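Visitor: I am attaching a structure below and will ask some questions about it afterwards.
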Amino acid sequence: MSVKAKKHLGQHFLTDESVAQNIADTLSLKGYNKILEIGPGMGVLTKYLLEKPIETSVIEIDTESVAYLEENYPKLHGHIISKDFLKYDLNEVFKGEPFGIIGNFPYNISSQIVFKTLEMRHQIPEFSGMFQKEVAERICEKKGSKVYGILSVLTQAFYEAEYLFTVDEHVFNPPPKVKSGVLRLTRKENFELPCDEKLFFSVVKQAFNQRRKTMRNSLKSMINSDNLKEDSIFDLRPEQLSYEEFIILTQKIAADGV
């Protein structure tokens, strides 16, 4: 029995064992005793995770894949969550404990997976996996690049982001139309922001939603005083600011509103 890849779920099954092993080996396993694999499919990555000295759970929305895993991976019994990762409350399983995340992520929801990880960053010290190459590059990109954006700034505020290696199309069934990239996110020792977190997220999103404009124009609704309007930071476009500069900007906007 094998599972047929379903287009609407963005499934592309990895068929290369050495690539699967390399992805499994990206996790350091430090700071947590449990890992969650997202979208295991037929378990090509799972089998290498199960060899590691850590408790592995998987979350899979595709019932055919769940049946396959139940049948072929007895070690996973009791650790298969047949749910949608984006909608499921992971603390039903992890009860507030730390855990790592890994996966060969469905391309159509990969950015949302990162956003959910950021929401749960207090519990997720490490995250690694495979994305569409350009998404992986965007997450790890530094300021000044055309692909640097919301995902880059928000991720790098809390995690060290490393682009690890590129994976060719031909090692998948069916092959995707693009190359893939594997990255690792390691949570920073101090991942509390020295500014209002909610405001920081709003500033970053609003700035990049009009990325061709200067910050003075895109953040007009957030600037109260003429004094702040004259600050030279507002002459810049969003891709010219590092996450540290976005933090400074958020602090200035917060102080201006007092």
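To be explicit about the labels: the chains of the structure tokens are called A, B, and onward in the order shown, and within each one the residues are counted from 1, while ligands get numbers from 1 in the order they are shown.
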Could you produce a table of the residues of stretch 64-172 of chain A lying within 9 Å of stretch 187-209 of chain A, with the nearest pair of atoms per residue and their separation in Å rounded to one decimal, using only C-alpha atoms, ordered by chain and increasing residue number, as a Markdown table?
Guide:
```
| residue | atom | partner | partner_atom | distance |
| --- | --- | --- | --- | --- |
| A:Arg121 | CA | A:Arg187 | CA | 7.7 |
| A:His122 | CA | A:Phe191 | CA | 8.4 |
| A:Ile124 | CA | A:Arg187 | CA | 7.5 |
| A:Pro125 | CA | A:Arg187 | CA | 4.9 |
| A:Glu126 | CA | A:Arg187 | CA | 6.0 |
| A:Phe127 | CA | A:Arg187 | CA | 8.4 |
| A:Gly149 | CA | A:Phe208 | CA | 6.5 |
| A:Ile150 | CA | A:Lys205 | CA | 6.0 |
| A:Val153 | CA | A:Val204 | CA | 7.5 |
| A:Leu154 | CA | A:Phe201 | CA | 7.3 |
| A:Ala157 | CA | A:Phe191 | CA | 7.4 |
| A:Phe158 | CA | A:Phe191 | CA | 5.0 |
| A:Tyr159 | CA | A:Arg187 | CA | 4.2 |
| A:Glu160 | CA | A:Arg187 | CA | 6.2 |
| A:Ala161 | CA | A:Arg187 | CA | 8.8 |
```
Visitor: Report, in Å with one decimal, the straight-line distance from atom CA of A:Ile101 to atom CA of A:Thr46.
Guide: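 These two atoms are separated by 12.2 Å.
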Visitor: Out of A:His12, A:Tyr32, A:Val58, A:Tyr68, which residue has the shortest atom-to-atom distance to A:Lys177 when counting only C-alpha atoms?
Guide: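 Smallest distance to A:Lys177 is found for A:His12.
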Visitor: Neighbouring residues of A:Tyr48 were defined as those with any atom within 7 Å, considering only C-alpha atoms; residues of the same chain fewer than 2 positions away were excluded. Please report them as a list in words.
Guide: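 Contacts, in chain order: Gln21, Ala24, Leu45, Thr46, Leu50 and Glu51 of chain A.
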Visitor: Run DSSP on the backbone and grab whatever in stretch 48-226 of chain A lands in strand (DSSP E); send it over as JSON, numbers by chain.
Guide: {"A": [55, 56, 57, 58, 59, 80, 81, 100, 101, 102, 103, 104, 126, 127, 128, 129, 130, 131, 132, 159, 160, 161, 162, 163, 164, 165, 166, 167, 172, 173, 180, 181, 182, 183, 184, 185, 186, 187]}
Visitor: Please compute the atom CA of A:His77-atom CA of A:Phe115 distance, one decimal, in Å.
Guide: 28.8 Å
Visitor: Find the residues near stretch 35-43 of chain A: any atom within 8 Å, counting only C-alpha atoms, skip ones fewer than 5 places away on the same chain, and give them as a PyMOL selection string.
Guide: chain A and resi 2-3+11+13+54-62+65-66+68-69+85+99-106
Visitor: Take atom CA of A:Pro74 and atom CA of A:Lys34 and report the distance between them in Å, one decimal.
Guide: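 So the two atoms, atom CA of A:Pro74 and atom CA of A:Lys34, lie 17.7 Å apart.
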Visitor: Determine which residues of stretch 84-172 of chain A receive a DSSP assignment of alpha helix (DSSP H), computed from the backbone, and state them as a count of residues only.
Guide: 31
Visitor: Contacts of stretch 218-225 of chain A at 12 Å or less, counting only C-alpha atoms, minus same-chain residues fewer than 3 places along, as a ChimeraX atom specification?
Guide: /A:199-200,202-215,228-231,233-238,249-258
Visitor: Determine the nearest neighbour of A:Pro176 from the options A:Ser110, A:Gln156, A:Gln132, A:Ser145, counting only C-alpha atoms.
Guide: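 That would be A:Gln132, the residue with the smallest distance to A:Pro176.
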Visitor: For A:Asn22, which of A:Gln112, A:Lys7, A:Gly129, A:Glu71 is the closest residue, counting only C-alpha atoms?
Guide: A:Gly129
Visitor: From the options A:Cys140, A:Asp84, A:Gly96, A:Val182, which residue's atoms come nearest to A:Ser128, counting only C-alpha atoms?
Guide: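 Closest to A:Ser128 of all the choices is A:Val182.
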Visitor: Contacts of A:Glu137 at 10 Å or less, counting only C-alpha atoms, minus same-chain residues fewer than 3 places along, as a PDB file with C-alpha atoms, in the first residue's frame?
Guide:
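Saved the output as out_10.pdb:
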```pdb
ATOM      1  CA  PHE A 131      10.150  24.925   2.226  1.00  0.00           C
ATOM      2  CA  GLN A 132       9.894  26.137  -1.324  1.00  0.00           C
ATOM      3  CA  LYS A 133      13.435  27.499  -1.877  1.00  0.00           C
ATOM      4  CA  GLU A 134      12.402  31.128  -2.256  1.00  0.00           C
ATOM      5  CA  CYS A 140      16.701  33.891   6.315  1.00  0.00           C
ATOM      6  CA  GLU A 141      17.330  37.015   4.202  1.00  0.00           C
ATOM      7  CA  LYS A 142      18.891  40.147   5.710  1.00  0.00           C
ATOM      8  CA  VAL A 147      12.784  39.289  -0.982  1.00  0.00           C
ATOM      9  CA  TYR A 148      13.276  40.513   2.617  1.00  0.00           C
ATOM     10  CA  SER A 152      12.072  37.736   7.600  1.00  0.00           C
ATOM     11  CA  ALA A 161      17.603  31.742  10.941  1.00  0.00           C
ATOM     12  CA  GLU A 162      20.018  29.625   8.875  1.00  0.00           C
ATOM     13  CA  TYR A 163      19.555  28.454   5.294  1.00  0.00           C
ATOM     14  CA  LEU A 164      21.146  24.974   5.334  1.00  0.00           C
ATOM     15  CA  SER A 180      13.260  23.344  -2.139  1.00  0.00           C
ATOM     16  CA  GLY A 181      15.357  24.777   0.670  1.00  0.00           C
ATOM     17  CA  VAL A 182      15.968  23.459   4.181  1.00  0.00           C
ATOM     18  CA  LEU A 183      16.391  25.908   7.044  1.00  0.00           C
TER      19      LEU A 183
END
```
